[in-house]
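Structure file target.txt with compact mmCIF, C-alpha atoms:
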# COMPACT_ATOMS: atom_id res chain seq x y z
CA MET A 1 163.96 40.23 126.94
CA THR A 2 167.19 38.32 127.24
CA SER A 3 168.17 35.72 129.78
CA THR A 4 171.18 37.71 130.94
CA ALA A 5 169.18 38.78 133.97
CA ALA A 6 168.03 35.23 134.68
CA GLU A 7 171.07 34.14 136.68
CA PRO A 8 172.20 37.15 138.74
CA SER A 9 175.14 37.08 141.09
CA GLU A 10 172.79 37.11 144.10
CA THR A 11 171.71 33.53 143.37
CA ARG A 12 174.48 31.96 145.39
CA GLN A 13 174.07 28.60 147.17
CA GLY A 14 171.88 28.93 150.26
CA SER A 15 170.06 32.12 149.26
CA ASP A 16 166.25 32.24 149.28
CA PHE A 17 166.25 32.26 145.50
CA ALA A 18 168.58 29.24 145.31
CA VAL A 19 166.19 27.21 147.48
CA LEU A 20 163.25 28.18 145.26
CA SER A 21 165.24 27.47 142.11
CA ARG A 22 165.98 23.94 143.33
CA ARG A 23 162.26 23.35 143.89
CA ILE A 24 161.49 24.51 140.34
CA ALA A 25 164.27 22.26 139.00
CA ASP A 26 163.00 19.28 141.02
CA ALA A 27 159.58 19.78 139.42
CA GLY A 28 161.19 19.47 135.98
CA LEU A 29 160.04 22.93 134.90
CA PHE A 30 163.35 24.03 133.36
CA ALA A 31 162.91 21.46 130.59
CA ARG A 32 162.43 22.94 127.12
CA ARG A 33 159.14 22.60 125.22
CA PRO A 34 160.07 22.43 121.51
CA GLY A 35 156.74 20.86 120.53
CA TYR A 36 154.74 23.62 122.19
CA TYR A 37 156.78 26.38 120.56
CA ALA A 38 156.71 24.69 117.14
CA THR A 39 152.91 24.61 117.37
CA ARG A 40 152.59 28.16 118.70
CA ILE A 41 154.96 29.68 116.15
CA GLY A 42 153.27 27.69 113.39
CA ILE A 43 149.83 29.00 114.34
CA VAL A 44 151.03 32.61 114.54
CA ALA A 45 152.84 32.30 111.19
CA ALA A 46 149.74 30.78 109.59
CA LEU A 47 147.55 33.61 110.89
CA TYR A 48 150.07 36.15 109.58
CA GLY A 49 150.13 34.51 106.16
CA ALA A 50 146.33 34.21 106.04
CA GLY A 51 146.04 37.90 106.89
CA ILE A 52 148.35 38.86 104.03
CA ALA A 53 146.38 36.68 101.60
CA ALA A 54 143.08 38.17 102.78
CA PHE A 55 144.49 41.69 102.42
CA PHE A 56 145.26 41.20 98.73
CA LEU A 57 142.01 39.32 98.08
CA LEU A 58 139.81 41.98 99.69
CA GLY A 59 141.31 44.79 97.62
CA ASP A 60 140.40 48.46 97.94
CA THR A 61 137.51 48.38 100.42
CA TRP A 62 136.70 49.77 103.85
CA TRP A 63 136.29 46.17 105.07
CA GLN A 64 140.08 46.23 105.27
CA LEU A 65 139.74 48.04 108.61
CA LEU A 66 138.53 44.78 110.15
CA LEU A 67 141.70 43.19 108.83
CA ALA A 68 143.69 46.04 110.37
CA ALA A 69 142.25 45.06 113.77
CA PHE A 70 143.12 41.42 113.04
CA PHE A 71 146.70 42.36 112.24
CA ALA A 72 146.93 44.29 115.54
CA VAL A 73 146.32 41.01 117.35
CA VAL A 74 148.73 39.10 115.10
CA PHE A 75 151.49 41.69 115.53
CA ALA A 76 151.09 41.47 119.31
CA GLN A 77 151.34 37.69 119.20
CA VAL A 78 154.49 37.94 117.06
CA ALA A 79 155.92 40.36 119.64
CA LEU A 80 155.14 37.88 122.42
CA VAL A 81 156.90 35.12 120.49
CA SER A 82 159.88 37.47 120.03
CA HIS A 83 159.88 38.04 123.78
CA ASP A 84 160.18 34.30 124.44
CA LEU A 85 162.87 33.95 121.78
CA ALA A 86 164.97 36.61 123.43
CA HIS A 87 164.67 34.93 126.82
CA ARG A 88 166.00 31.76 125.17
CA GLN A 89 162.84 29.87 126.04
CA VAL A 90 162.61 28.50 122.49
CA PHE A 91 166.10 27.69 121.22
CA ARG A 92 169.07 26.47 123.19
CA THR A 93 171.64 28.63 121.37
CA ARG A 94 171.71 32.42 121.38
CA ARG A 95 172.49 32.52 117.64
CA ALA A 96 169.35 30.60 116.65
CA GLY A 97 167.23 32.75 118.92
CA LYS A 98 168.67 35.96 117.51
CA ILE A 99 168.10 34.93 113.89
CA ALA A 100 164.51 33.98 114.67
CA GLY A 101 164.12 37.21 116.65
CA LEU A 102 165.30 39.33 113.74
CA LEU A 103 162.84 37.59 111.43
CA ALA A 104 159.93 37.92 113.86
CA GLY A 105 160.72 41.33 115.32
CA ASN A 106 162.46 43.38 112.65
CA LEU A 107 160.95 41.79 109.54
CA GLY A 108 157.61 40.63 110.90
CA ILE A 109 156.47 43.65 112.92
CA GLY A 110 159.05 46.39 112.33
CA MET A 111 160.43 46.43 115.88
CA SER A 112 164.15 46.22 116.52
CA TYR A 113 164.91 42.95 118.28
CA GLY A 114 168.24 44.24 119.55
CA TRP A 115 166.86 47.52 120.89
CA TRP A 116 163.94 45.93 122.73
CA THR A 117 166.12 43.12 124.06
CA ASP A 118 168.56 45.62 125.57
CA LYS A 119 165.76 47.70 127.07
CA HIS A 120 163.91 44.70 128.45
CA THR A 121 167.07 43.19 129.95
CA ARG A 122 167.64 46.38 131.94
CA HIS A 123 164.03 46.23 133.09
CA HIS A 124 164.44 42.64 134.28
CA ALA A 125 167.62 43.47 136.17
CA ASN A 126 165.95 46.29 138.14
CA PRO A 127 162.15 46.19 137.83
CA ASN A 128 160.37 49.37 138.94
CA HIS A 129 163.65 50.99 140.01
CA GLU A 130 163.25 54.70 139.32
CA GLN A 131 166.89 55.12 138.34
CA HIS A 132 167.66 51.89 136.45
CA ASP A 133 164.41 50.54 134.96
CA PRO A 134 163.79 52.23 131.58
CA ASP A 135 160.08 51.44 131.88
CA VAL A 136 159.60 53.78 134.87
CA ILE A 137 162.05 56.54 134.00
CA PRO A 138 159.78 59.56 133.41
CA ASP A 139 159.33 60.29 129.74
CA ILE A 140 155.72 61.29 129.24
CA LEU A 141 154.19 59.68 132.34
CA VAL A 142 155.36 59.94 135.95
CA TRP A 143 155.37 56.92 138.25
CA SER A 144 155.99 58.37 141.73
CA ARG A 145 155.27 61.53 143.71
CA GLU A 146 158.94 62.48 143.53
CA GLN A 147 158.96 62.17 139.74
CA ALA A 148 155.79 64.23 139.54
CA LEU A 149 157.23 67.05 141.66
CA ALA A 150 160.43 67.11 139.61
CA SER A 151 158.67 66.94 136.22
CA ARG A 152 158.80 69.72 133.66
CA GLY A 153 157.28 70.31 130.23
CA LEU A 154 155.07 67.65 128.66
CA PRO A 155 155.25 65.12 131.55
CA ARG A 156 154.06 67.82 133.93
CA ILE A 157 151.14 68.73 131.66
CA ILE A 158 150.09 65.14 130.98
CA GLY A 159 150.80 63.99 134.52
CA ARG A 160 147.86 65.96 135.90
CA ARG A 161 145.39 63.71 134.07
CA GLN A 162 147.61 60.78 133.19
CA ALA A 163 145.19 58.12 134.47
CA LEU A 164 142.50 59.37 132.07
CA LEU A 165 145.01 59.75 129.25
CA PHE A 166 146.75 56.39 129.70
CA PHE A 167 144.71 54.33 127.22
CA PRO A 168 144.51 57.13 124.63
CA LEU A 169 148.30 57.43 124.85
CA LEU A 170 148.64 53.69 124.24
CA THR A 171 147.25 54.25 120.75
CA LEU A 172 150.58 55.92 119.99
CA GLU A 173 152.69 53.07 121.39
CA GLY A 174 152.87 51.18 118.09
CA PHE A 175 154.30 54.26 116.37
CA ASN A 176 156.67 54.75 119.29
CA LEU A 177 157.99 51.20 118.96
CA HIS A 178 158.77 51.78 115.27
CA PHE A 179 160.31 55.19 115.88
CA SER A 180 162.45 53.99 118.80
CA SER A 181 163.59 50.98 116.78
CA VAL A 182 164.75 53.08 113.83
CA ARG A 183 166.36 55.62 116.14
CA ALA A 184 168.26 52.87 117.97
CA VAL A 185 169.87 51.37 114.86
CA ILE A 186 170.69 54.43 112.74
CA GLY A 187 171.87 57.99 113.23
CA ARG A 188 173.78 59.75 115.97
CA HIS A 189 171.43 58.44 118.69
CA ALA A 190 172.00 54.80 117.73
CA ASN A 191 172.34 52.33 120.60
CA ARG A 192 175.95 51.12 120.63
CA ARG A 193 175.00 48.08 122.69
CA ILE A 194 173.10 46.65 119.72
CA THR A 195 175.27 44.26 117.74
CA HIS A 196 174.94 43.97 113.94
CA ARG A 197 173.10 47.27 113.66
CA ALA A 198 173.52 47.28 109.88
CA VAL A 199 171.67 43.96 109.63
CA GLU A 200 168.96 45.21 111.97
CA ALA A 201 168.56 48.39 109.93
CA SER A 202 168.36 46.47 106.65
CA VAL A 203 165.68 44.10 107.90
CA LEU A 204 163.71 46.97 109.46
CA ALA A 205 163.87 48.81 106.13
CA ALA A 206 162.56 45.71 104.34
CA HIS A 207 159.56 45.59 106.70
CA ILE A 208 158.77 49.28 106.28
CA ALA A 209 159.06 49.09 102.50
CA ALA A 210 156.87 45.99 102.25
CA TYR A 211 154.26 47.33 104.69
CA LEU A 212 153.86 50.75 103.12
CA GLY A 213 154.26 49.38 99.60
CA ALA A 214 151.42 46.88 100.13
CA LEU A 215 149.13 49.58 101.54
CA LEU A 216 149.73 51.93 98.62
CA LEU A 217 149.54 49.14 96.04
CA VAL A 218 146.19 47.76 97.18
CA LEU A 219 144.39 50.68 98.84
CA SER A 220 143.54 54.23 97.90
CA PRO A 221 145.56 56.84 99.87
CA GLY A 222 142.67 57.56 102.26
CA ARG A 223 141.98 53.91 103.01
CA ALA A 224 145.70 53.19 103.30
CA LEU A 225 146.05 55.91 105.92
CA ALA A 226 142.97 54.65 107.79
CA PHE A 227 144.33 51.08 107.77
CA LEU A 228 147.69 52.24 109.11
CA LEU A 229 146.12 54.31 111.89
CA VAL A 230 143.70 51.61 113.03
CA HIS A 231 146.31 48.87 112.88
CA GLN A 232 149.05 50.75 114.73
CA ALA A 233 146.69 52.24 117.32
CA LEU A 234 145.10 48.91 118.25
CA TRP A 235 148.47 47.17 118.27
CA GLY A 236 149.76 49.78 120.72
CA VAL A 237 146.77 49.32 123.01
CA TYR A 238 147.22 45.54 122.94
CA MET A 239 150.93 45.78 123.73
CA GLY A 240 150.36 48.18 126.59
CA SER A 241 147.53 46.07 127.96
CA VAL A 242 149.81 43.02 128.07
CA PHE A 243 152.96 44.55 129.53
CA ALA A 244 151.64 47.23 131.90
CA PRO A 245 149.57 45.12 134.37
CA GLY A 246 152.65 43.30 135.64
CA HIS A 247 154.29 46.31 137.32
CA LYS A 248 152.32 49.55 137.05
CA GLY A 249 150.99 50.54 140.44
CA MET A 250 153.37 48.23 142.31
CA PRO A 251 156.04 49.64 144.67
CA THR A 252 158.94 51.46 143.03
CA LEU A 253 162.51 51.45 144.31
CA LYS A 254 164.35 54.71 144.88
CA PRO A 255 168.02 55.40 144.13
CA GLY A 256 170.12 53.69 146.79
CA GLU A 257 167.45 51.16 147.76
CA LYS A 258 168.57 47.56 147.39
CA LEU A 259 166.84 44.21 147.81
CA ASP A 260 168.01 40.65 147.27
CA PHE A 261 167.09 39.15 143.90
CA LEU A 262 163.96 37.28 144.98
CA ARG A 263 162.41 40.20 146.86
CA LYS A 264 163.37 42.68 144.16
CA GLN A 265 161.45 40.66 141.60
CA VAL A 266 158.43 39.61 143.69
CA LEU A 267 157.69 42.83 145.59
CA THR A 268 157.61 45.01 142.46
CA THR A 269 155.52 42.60 140.39
CA ARG A 270 151.85 41.61 140.08
CA ASN A 271 150.25 38.46 138.69
CA VAL A 272 146.95 38.49 136.79
CA ARG A 273 144.43 35.67 137.16
CA GLY A 274 142.32 34.50 134.24
CA GLY A 275 142.82 30.93 133.04
CA PRO A 276 143.77 29.60 129.57
CA LEU A 277 142.23 32.52 127.63
CA VAL A 278 144.18 35.15 129.54
CA ASP A 279 147.29 32.94 129.44
CA ASN A 280 147.25 32.93 125.64
CA VAL A 281 146.12 36.51 125.11
CA MET A 282 148.92 37.75 127.39
CA GLY A 283 151.46 35.19 126.21
CA GLY A 284 151.98 33.92 129.76
CA LEU A 285 153.01 37.34 131.04
CA ASN A 286 150.08 37.28 133.44
CA TYR A 287 152.44 35.04 135.48
CA GLN A 288 154.76 37.99 135.75
CA ILE A 289 156.20 37.04 139.15
CA GLU A 290 157.28 33.60 137.97
CA HIS A 291 158.55 35.06 134.70
CA HIS A 292 160.69 37.62 136.50
CA LEU A 293 162.15 35.03 138.83
CA PHE A 294 162.85 32.59 136.01
CA PRO A 295 162.89 34.47 132.65
CA HIS A 296 164.08 31.41 130.73
CA LEU A 297 161.18 29.23 131.92
CA PRO A 298 159.00 28.10 128.96
CA MET A 299 155.64 29.84 128.86
CA PRO A 300 153.50 26.71 129.53
CA HIS A 301 155.56 25.99 132.66
CA LEU A 302 154.83 29.35 134.28
CA ARG A 303 151.36 28.18 135.36
CA LYS A 304 152.89 25.06 136.92
CA ALA A 305 155.55 27.11 138.70
CA GLN A 306 153.00 29.47 140.25
CA PRO A 307 151.84 27.31 143.20
CA ILE A 308 155.46 26.46 144.04
CA VAL A 309 156.48 30.13 144.05
CA ARG A 310 153.39 31.26 145.94
CA GLN A 311 153.83 28.63 148.64
CA TYR A 312 157.51 29.44 149.06
CA CYS A 313 156.82 33.17 149.35
CA ALA A 314 154.31 32.38 152.11
CA GLU A 315 156.96 30.28 153.88
CA ILE A 316 159.54 33.08 153.95
CA GLY A 317 157.04 35.89 154.55
CA VAL A 318 157.32 37.67 151.19
CA PRO A 319 154.02 39.22 149.96
CA TYR A 320 152.80 37.65 146.72
CA HIS A 321 150.33 39.88 144.90
CA GLU A 322 147.78 38.56 142.43
CA THR A 323 144.57 40.07 141.09
CA GLY A 324 142.14 39.81 138.20
CA LEU A 325 142.67 41.65 134.92
CA VAL A 326 140.17 44.40 135.75
CA GLY A 327 141.63 44.69 139.24
CA SER A 328 145.15 45.06 137.84
CA TRP A 329 144.05 48.02 135.72
CA ARG A 330 142.13 49.52 138.63
CA GLU A 331 145.30 49.41 140.72
CA ALA A 332 147.54 50.73 137.94
CA LEU A 333 145.25 53.61 136.95
CA GLY A 334 144.55 54.43 140.59
CA HIS A 335 148.28 54.70 141.19
CA LEU A 336 148.73 56.99 138.18
CA HIS A 337 145.93 59.21 139.48
CA ARG A 338 147.42 59.42 142.98
CA VAL A 339 150.96 60.28 141.89
CA GLY A 340 149.58 63.00 139.61
CA GLU A 341 147.86 64.75 142.53
CA PRO A 342 150.79 67.13 143.29
CA LEU A 343 150.59 68.35 139.69
CA ARG A 344 146.88 68.98 139.94
CA ARG A 345 147.60 71.03 143.06
CA GLY A 346 150.35 72.96 141.28
CA GLU A 347 153.08 71.77 143.66
CA THR A 348 156.77 71.83 142.75
CA VAL A 349 159.98 70.65 144.38

The structure given in the file should be rewritten as structure tokens.
Amino acid sequence: MTSTAAEPSETRQGSDFAVLSRRIADAGLFARRPGYYATRIGIVAALYGAGIAAFFLLGDTWWQLLLAAFFAVVFAQVALVSHDLAHRQVFRTRRAGKIAGLLAGNLGIGMSYGWWTDKHTRHHANPNHEQHDPDVIPDILVWSREQALASRGLPRIIGRRQALLFFPLLTLEGFNLHFSSVRAVIGRHANRRITHRAVEASVLAAHIAAYLGALLLVLSPGRALAFLLVHQALWGVYMGSVFAPGHKGMPTLKPGEKLDFLRKQVLTTRNVRGGPLVDNVMGGLNYQIEHHLFPHLPMPHLRKAQPIVRQYCAEIGVPYHETGLVGSWREALGHLHRVGEPLRRGETV
């Protein structure tokens, strides 16, 4: 999520990426968009506040489950704003972005800004690299035939039917984000790369206390539990549906394989077509190729950068992959099904 991967050492004068970067600069697309972000953040904050007001006004009723679904969407939009904050698309200084990120991430949705920033930075530096990208290191799912053959325990069991289980597993992603956040800032497994862990932990604790306290104050225990499950499950599905289409099912890089910066980002990444609705639902991450090439580019400029990037890739002979939203999931789930075949056959290393 940070911009530390935005200016890698490979971007020396004369490289393919440097030529493309000059074209983007000449188009004026590196300019900041404070008005856009003020409006976007204001709308998201207003929706969040309206949701809280509605929660207390509705009281102890099953209609609150509709509000739980509403909050799943709002939490995802807050996460997308946090993503842009961490890439320094919003504020010029790192300090301002971090303060806003702590308020949005830790306090707003209970997700550690520092933990996710560190994880996402490593993803940007080496997308779909089986050794260096934390998003494709086998945990529960396997992403290549080699990972499938080497899998043991739960990944081996789930991997046999992982395409069918993918969306059901996403219902747990919201809980996983909370658990991983807490684990990263406290205890013996804390992430030492996170600065100001005490502050992060305090703000996370404030979110958890306020969230659970509000549920128990307004709702009966049964309805409170139902609200929590619906909200977190739908939030997890939304988050997975936004972040997975960009890379899942695209080529992975093996240990020892190296590409220059431009090819490393473009060849492992997929764009998703869709227009203004998809742009806003996915927070601009449907332009994943442009975002990976220029992580600090403001969201509304990604659409304008796309034809420049696509034309340049055609000029230098680099495949540029784009599909519709349904097509992206067909490719991703098809890939998961194919790499799980050795497990269905009972093969091992």

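The spacing separating CA of Leu277 (chain A) from CA of Gly327 (chain A) amounts to 16.8 Å.
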
> Taking (153.4, 30.0, 137.7) in the file's coordinates as the center, which residues reach within 9 Å of it, counting all atoms listed in the file, put as a list in words?
Replying inline: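 Residues found, by chain and rising number: Gly284, Tyr287, Gln288, Ile289, Glu290, His291, Pro300, His301, Leu302, Arg303, Lys304, Ala305, Gln306, Pro307, Ile308, Val309 and Arg310 of chain A.
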
>> Neighbouring residues of Gly159 (chain A) were defined as those with any atom within 8 Å, considering all atoms listed in the file; residues of the same chain fewer than 6 positions away were excluded. Please report them as a count of residues only.
In response: 6

> Which of these, A:Arg338, A:Arg344, A:Arg188, A:Lys264, has the shortest distance to Val318 (chain A) once you count all atoms listed in the file?
Replying inline: A:Lys264

>> Need the shell around Ala332 (chain A): protein/DNA/RNA residues with any atom at most 7 Å away, counting all atoms listed in the file. Skip same-chain ones fewer than 4 positions apart. Format as an MDAnalysis selection string?
In response: chainID A and resid 245 248:249 328 336

Output C-alpha atoms for every residue in the selection just made, as a PDB file, in the frame of the given file.
ATOM      1  CA  PRO A 245     149.570  45.120 134.370  1.00  0.00           C
ATOM      2  CA  LYS A 248     152.320  49.550 137.050  1.00  0.00           C
ATOM      3  CA  GLY A 249     150.990  50.540 140.440  1.00  0.00           C
ATOM      4  CA  SER A 328     145.150  45.060 137.840  1.00  0.00           C
ATOM      5  CA  LEU A 336     148.730  56.990 138.180  1.00  0.00           C
TER       6      LEU A 336
END

> Using only C-alpha atoms, which residues sit within 10 Å of Gly240 (chain A) once same-chain residues fewer than 3 positions away are excluded, as a list in words?
Replying inline: Ala76, Phe166, Phe167, Leu169, Leu170, Thr171, Glu173, Gly174, Leu234, Trp235, Gly236, Val237, Phe243, Ala244 and Pro245 of chain A

>> Report, in Å with one decimal, the straight-line distance from CA of Asp84 (chain A) to CA of Asp133 (chain A).
In response: 19.8 Å

> When you draw a straight line from CA of Val78 (chain A) to CA of Tyr211 (chain A), how long is it in Å?
Replying inline: 15.5 Å

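Among A:Thr252, A:Asp118, A:Arg161, A:Ile109, the residue with the shortest atom-to-atom distance to Gln232 (chain A), counting only C-alpha atoms, is A:Ile109.
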
> For the point (171.3, 52.6, 122.8) in file coordinates, what residues are within 12 Å, counting only C-alpha atoms? Give the answer as a ChimeraX atom specification?
Replying inline: /A:112,114-119,122,134,180-195,197

> Of the residues A:Thr121, A:Tyr48, A:Leu154, A:Ala79, which is the one nearest to Leu177 (chain A), using all atoms listed in the file?
Replying inline: A:Ala79

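In terms of minimum interatomic distance to Arg273 (chain A), A:Gly324 ranks closest within A:Gly317, A:Gly324, A:Pro295, A:Gly256, counting all atoms listed in the file.
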
> Of the candidates A:Met111, A:Gly274, A:Glu257, A:Leu285, which one gets nearest to Val242 (chain A) if we count only C-alpha atoms?
Replying inline: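 Counting only C-alpha atoms, the residue closest to Val242 (chain A) is A:Leu285.
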
With N, CA, C and O atoms as the goal, would you fill in the gaps in region 122-136 of chain A and present it as a PDB file, in the frame of the given file?
ATOM      1  N   ARG A 122     167.436  45.414 130.850  1.00  0.00           N
ATOM      2  CA  ARG A 122     167.640  46.380 131.940  1.00  0.00           C
ATOM      3  C   ARG A 122     166.421  46.444 132.844  1.00  0.00           C
ATOM      4  O   ARG A 122     166.547  46.640 134.057  1.00  0.00           O
ATOM      5  N   HIS A 123     165.237  46.280 132.268  1.00  0.00           N
ATOM      6  CA  HIS A 123     164.030  46.230 133.090  1.00  0.00           C
ATOM      7  C   HIS A 123     164.047  45.019 134.015  1.00  0.00           C
ATOM      8  O   HIS A 123     163.745  45.116 135.209  1.00  0.00           O
ATOM      9  N   HIS A 124     164.407  43.842 133.465  1.00  0.00           N
ATOM     10  CA  HIS A 124     164.440  42.640 134.280  1.00  0.00           C
ATOM     11  C   HIS A 124     165.463  42.733 135.404  1.00  0.00           C
ATOM     12  O   HIS A 124     165.237  42.210 136.497  1.00  0.00           O
ATOM     13  N   ALA A 125     166.573  43.366 135.148  1.00  0.00           N
ATOM     14  CA  ALA A 125     167.620  43.470 136.170  1.00  0.00           C
ATOM     15  C   ALA A 125     167.190  44.335 137.344  1.00  0.00           C
ATOM     16  O   ALA A 125     167.575  44.075 138.494  1.00  0.00           O
ATOM     17  N   ASN A 126     166.370  45.365 137.086  1.00  0.00           N
ATOM     18  CA  ASN A 126     165.950  46.290 138.140  1.00  0.00           C
ATOM     19  C   ASN A 126     164.510  46.735 137.938  1.00  0.00           C
ATOM     20  O   ASN A 126     164.236  47.901 137.650  1.00  0.00           O
ATOM     21  N   PRO A 127     163.543  45.818 138.081  1.00  0.00           N
ATOM     22  CA  PRO A 127     162.150  46.190 137.830  1.00  0.00           C
ATOM     23  C   PRO A 127     161.650  47.271 138.771  1.00  0.00           C
ATOM     24  O   PRO A 127     161.898  47.230 139.974  1.00  0.00           O
ATOM     25  N   ASN A 128     160.976  48.258 138.193  1.00  0.00           N
ATOM     26  CA  ASN A 128     160.370  49.370 138.940  1.00  0.00           C
ATOM     27  C   ASN A 128     161.382  50.180 139.749  1.00  0.00           C
ATOM     28  O   ASN A 128     161.009  50.843 140.718  1.00  0.00           O
ATOM     29  N   HIS A 129     162.648  50.143 139.366  1.00  0.00           N
ATOM     30  CA  HIS A 129     163.650  50.990 140.010  1.00  0.00           C
ATOM     31  C   HIS A 129     163.683  52.316 139.262  1.00  0.00           C
ATOM     32  O   HIS A 129     163.925  52.358 138.060  1.00  0.00           O
ATOM     33  N   GLU A 130     163.432  53.398 139.972  1.00  0.00           N
ATOM     34  CA  GLU A 130     163.250  54.700 139.320  1.00  0.00           C
ATOM     35  C   GLU A 130     164.501  55.211 138.623  1.00  0.00           C
ATOM     36  O   GLU A 130     164.412  56.096 137.776  1.00  0.00           O
ATOM     37  N   GLN A 131     165.650  54.659 138.970  1.00  0.00           N
ATOM     38  CA  GLN A 131     166.890  55.120 138.340  1.00  0.00           C
ATOM     39  C   GLN A 131     167.372  54.175 137.248  1.00  0.00           C
ATOM     40  O   GLN A 131     168.008  54.616 136.293  1.00  0.00           O
ATOM     41  N   HIS A 132     167.055  52.882 137.353  1.00  0.00           N
ATOM     42  CA  HIS A 132     167.660  51.890 136.450  1.00  0.00           C
ATOM     43  C   HIS A 132     166.677  51.196 135.522  1.00  0.00           C
ATOM     44  O   HIS A 132     167.104  50.610 134.522  1.00  0.00           O
ATOM     45  N   ASP A 133     165.377  51.203 135.821  1.00  0.00           N
ATOM     46  CA  ASP A 133     164.410  50.540 134.960  1.00  0.00           C
ATOM     47  C   ASP A 133     163.920  51.530 133.902  1.00  0.00           C
ATOM     48  O   ASP A 133     163.259  52.514 134.231  1.00  0.00           O
ATOM     49  N   PRO A 134     164.225  51.284 132.616  1.00  0.00           N
ATOM     50  CA  PRO A 134     163.790  52.230 131.580  1.00  0.00           C
ATOM     51  C   PRO A 134     162.286  52.362 131.460  1.00  0.00           C
ATOM     52  O   PRO A 134     161.789  53.349 130.918  1.00  0.00           O
ATOM     53  N   ASP A 135     161.540  51.388 131.987  1.00  0.00           N
ATOM     54  CA  ASP A 135     160.080  51.440 131.880  1.00  0.00           C
ATOM     55  C   ASP A 135     159.442  52.391 132.893  1.00  0.00           C
ATOM     56  O   ASP A 135     158.253  52.704 132.761  1.00  0.00           O
ATOM     57  N   VAL A 136     160.178  52.830 133.913  1.00  0.00           N
ATOM     58  CA  VAL A 136     159.600  53.780 134.870  1.00  0.00           C
ATOM     59  C   VAL A 136     160.417  55.070 134.969  1.00  0.00           C
ATOM     60  O   VAL A 136     160.189  55.880 135.863  1.00  0.00           O
TER      61      VAL A 136
END
